[in-house]
>>> print(open('my_file_14.cif').read())   # mmCIF, C-alpha atoms; chains and numbers go by the auth columns
data_start
#
loop_
_atom_site.group_PDB
_atom_site.id
_atom_site.type_symbol
_atom_site.label_atom_id
_atom_site.label_comp_id
_atom_site.label_asym_id
_atom_site.label_seq_id
_atom_site.Cartn_x
_atom_site.Cartn_y
_atom_site.Cartn_z
_atom_site.B_iso_or_equiv
_atom_site.auth_seq_id
_atom_site.auth_asym_id
ATOM 1 C CA MET A 1 -9.435 -45.506 26.520 0.00 1 O
ATOM 2 C CA ASN A 2 -8.952 -41.825 27.304 0.00 2 O
ATOM 3 C CA ALA A 3 -7.801 -42.702 30.826 0.00 3 O
ATOM 4 C CA ILE A 4 -5.131 -44.968 29.371 0.00 4 O
ATOM 5 C CA LYS A 5 -3.965 -42.157 27.068 0.00 5 O
ATOM 6 C CA LYS A 6 -3.652 -39.799 30.039 0.00 6 O
ATOM 7 C CA LEU A 7 -1.752 -42.402 32.045 0.00 7 O
ATOM 8 C CA LEU A 8 0.587 -43.009 29.136 0.00 8 O
ATOM 9 C CA GLY A 9 1.183 -39.244 28.963 0.00 9 O
ATOM 10 C CA ILE A 10 2.853 -39.497 32.351 0.00 10 O
ATOM 11 C CA VAL A 11 4.863 -42.471 31.090 0.00 11 O
ATOM 12 C CA TRP A 12 6.079 -40.514 28.034 0.00 12 O
ATOM 13 C CA ILE A 13 7.129 -37.544 30.158 0.00 13 O
ATOM 14 C CA GLY A 14 8.987 -39.845 32.535 0.00 14 O
ATOM 15 C CA LEU A 15 10.616 -41.651 29.627 0.00 15 O
ATOM 16 C CA GLY A 16 11.760 -38.333 28.179 0.00 16 O
ATOM 17 C CA LEU A 17 13.311 -37.284 31.480 0.00 17 O
ATOM 18 C CA ALA A 18 14.987 -40.678 31.889 0.00 18 O
ATOM 19 C CA ALA A 19 16.389 -40.541 28.355 0.00 19 O
ATOM 20 C CA GLY A 20 17.737 -37.030 28.932 0.00 20 O
ATOM 21 C CA TYR A 21 19.331 -38.095 32.210 0.00 21 O
ATOM 22 C CA TYR A 22 20.908 -41.143 30.573 0.00 22 O
ATOM 23 C CA LEU A 23 22.298 -39.155 27.644 0.00 23 O
ATOM 24 C CA LEU A 24 23.825 -36.495 29.832 0.00 24 O
ATOM 25 C CA ILE A 25 25.069 -38.542 32.792 0.00 25 O
ATOM 26 C CA ASN A 26 26.112 -41.811 31.141 0.00 26 O
ATOM 27 C CA GLN A 27 27.091 -40.653 27.663 0.00 27 O
ATOM 28 C CA ALA A 28 28.036 -36.971 27.462 0.00 28 O
ATOM 29 C CA ILE A 29 29.781 -36.261 30.778 0.00 29 O
ATOM 30 C CA PRO A 30 32.243 -39.199 30.560 0.00 30 O
ATOM 31 C CA LYS A 31 33.181 -38.112 27.047 0.00 31 O
ATOM 32 C CA PHE A 32 33.691 -34.502 28.193 0.00 32 O
ATOM 33 C CA GLU A 33 35.861 -35.716 31.079 0.00 33 O
ATOM 34 C CA SER A 34 38.050 -37.963 28.913 0.00 34 O
ATOM 35 C CA GLY A 35 39.656 -34.904 27.321 0.00 35 O
ATOM 36 C CA LYS A 36 40.334 -36.641 24.006 0.00 36 O
ATOM 37 C CA PRO A 37 39.504 -34.552 20.932 0.00 37 O
ATOM 38 C CA GLU A 38 37.699 -37.465 19.252 0.00 38 O
ATOM 39 C CA ASP A 39 35.339 -37.729 22.237 0.00 39 O
ATOM 40 C CA MET A 40 34.394 -34.050 22.270 0.00 40 O
ATOM 41 C CA ILE A 41 32.295 -34.125 19.077 0.00 41 O
ATOM 42 C CA PRO A 42 29.932 -36.923 20.256 0.00 42 O
ATOM 43 C CA ALA A 43 29.672 -35.265 23.677 0.00 43 O
ATOM 44 C CA ILE A 44 28.627 -31.969 22.088 0.00 44 O
ATOM 45 C CA ILE A 45 26.140 -33.759 19.822 0.00 45 O
ATOM 46 C CA TYR A 46 24.623 -35.650 22.784 0.00 46 O
ATOM 47 C CA THR A 47 24.385 -32.518 24.910 0.00 47 O
ATOM 48 C CA PHE A 48 23.226 -29.828 22.518 0.00 48 O
ATOM 49 C CA ILE A 49 21.443 -31.691 19.711 0.00 49 O
ATOM 50 C CA LEU A 50 20.083 -35.075 20.775 0.00 50 O
ATOM 51 C CA SER A 51 19.036 -34.337 24.364 0.00 51 O
ATOM 52 C CA PRO A 52 16.772 -31.361 23.560 0.00 52 O
ATOM 53 C CA ILE A 53 15.176 -33.168 20.617 0.00 53 O
ATOM 54 C CA ILE A 54 14.468 -36.360 22.578 0.00 54 O
ATOM 55 C CA VAL A 55 13.385 -34.739 25.849 0.00 55 O
ATOM 56 C CA GLY A 56 11.338 -32.059 24.088 0.00 56 O
ATOM 57 C CA GLY A 57 9.618 -34.479 21.731 0.00 57 O
ATOM 58 C CA LEU A 58 8.665 -37.005 24.375 0.00 58 O
ATOM 59 C CA GLY A 59 7.702 -34.246 26.818 0.00 59 O
ATOM 60 C CA ILE A 60 5.408 -32.504 24.349 0.00 60 O
ATOM 61 C CA PHE A 61 3.853 -35.810 23.312 0.00 61 O
ATOM 62 C CA GLY A 62 3.200 -36.660 26.958 0.00 62 O
ATOM 63 C CA TYR A 63 1.811 -33.191 27.670 0.00 63 O
ATOM 64 C CA TYR A 64 -0.614 -33.457 24.765 0.00 64 O
ATOM 65 C CA SER A 65 -1.711 -36.864 26.021 0.00 65 O
ATOM 66 C CA LEU A 66 -2.329 -35.466 29.501 0.00 66 O
ATOM 67 C CA THR A 67 -4.308 -32.468 28.261 0.00 67 O
ATOM 68 C CA GLY A 68 -6.559 -34.600 26.064 0.00 68 O
ATOM 69 C CA GLU A 69 -5.386 -33.556 22.594 0.00 69 O
ATOM 70 C CA TYR A 70 -5.635 -37.172 21.448 0.00 70 O
ATOM 71 C CA SER A 71 -9.034 -37.820 23.035 0.00 71 O
ATOM 72 C CA ASP A 72 -11.974 -39.003 21.016 0.00 72 O
ATOM 73 C CA LYS A 73 -14.304 -36.116 20.270 0.00 73 O
#
>>> encode(input="my_file_14.cif", output="structure tokens")
Amino acid sequence: MNAIKKLLGIVWIGLGLAAGYYLLINQAIPKFESGKPEDMIPAIIYTFILSPIIVGGLGIFGYYSLTGEYSDK
């Protein structure tokens, strides 16, 4: 079971990186490039609020899984 938790740690880190890439490349950058004022607020929220929370949360969760924080004692 601990081996599965460590393997899933890699999955969580990869998922965090993929989510950050998706938010920035597919959501935020097109809204920044549109130049419309109503698109700037979601682009700023995606870039400076949601991306760090999602990437950081999934990354830390994956790191703890890899280091054995969730292992049975």
>>> atom_distance(input="my_file_14.cif", atom1="atom CA of Leu24 of chain O", atom2="atom CA of Phe48 of chain O")
9.9 Å
>>> resolve_selection(input="my_file_14.cif", expression="the PyMOL selection byres ((chain O and resi 67) around 12)", output="list in words")
Asn2, Ala3, Lys5, Lys6, Leu7, Leu8, Gly9, Ile10, Ile60, Phe61, Gly62, Tyr63, Tyr64, Ser65, Leu66, Gly68, Glu69, Tyr70 and Ser71 of chain O
>>> atom_distance(input="my_file_14.cif", atom1="atom CA of Ile45 of chain O", atom2="atom CA of Gln27 of chain O")
10.5 Å
>>> axis_aligned_box(input="my_file_14.cif", around="segment 37-51 of chain O", padding_each_side="5 Å", output="lines of an AutoDock Vina configuration file")
center_x = 29.3
center_y = -33.8
center_z = 22.0
size_x = 30.5
size_y = 17.9
size_z = 15.8
>>> residues_near_point(input="my_file_14.cif", point="(32.1, -39.1, 24.2)", cutoff="10 Å", atoms="all atoms listed in the file", output="short mmCIF file (atom, residue, chain, number, x, y, z; two decimals) with C-alpha atoms, in the frame of the given file")
data_model
loop_
_atom_site.label_atom_id
_atom_site.label_comp_id
_atom_site.auth_asym_id
_atom_site.auth_seq_id
_atom_site.Cartn_x
_atom_site.Cartn_y
_atom_site.Cartn_z
CA ASN O 26 26.11 -41.81 31.14
CA GLN O 27 27.09 -40.65 27.66
CA ALA O 28 28.04 -36.97 27.46
CA ILE O 29 29.78 -36.26 30.78
CA PRO O 30 32.24 -39.20 30.56
CA LYS O 31 33.18 -38.11 27.05
CA PHE O 32 33.69 -34.50 28.19
CA GLU O 33 35.86 -35.72 31.08
CA SER O 34 38.05 -37.96 28.91
CA GLY O 35 39.66 -34.90 27.32
CA LYS O 36 40.33 -36.64 24.01
CA PRO O 37 39.50 -34.55 20.93
CA GLU O 38 37.70 -37.47 19.25
CA ASP O 39 35.34 -37.73 22.24
CA MET O 40 34.39 -34.05 22.27
CA ILE O 41 32.30 -34.12 19.08
CA PRO O 42 29.93 -36.92 20.26
CA ALA O 43 29.67 -35.26 23.68
CA ILE O 44 28.63 -31.97 22.09
CA ILE O 45 26.14 -33.76 19.82
CA TYR O 46 24.62 -35.65 22.78
#
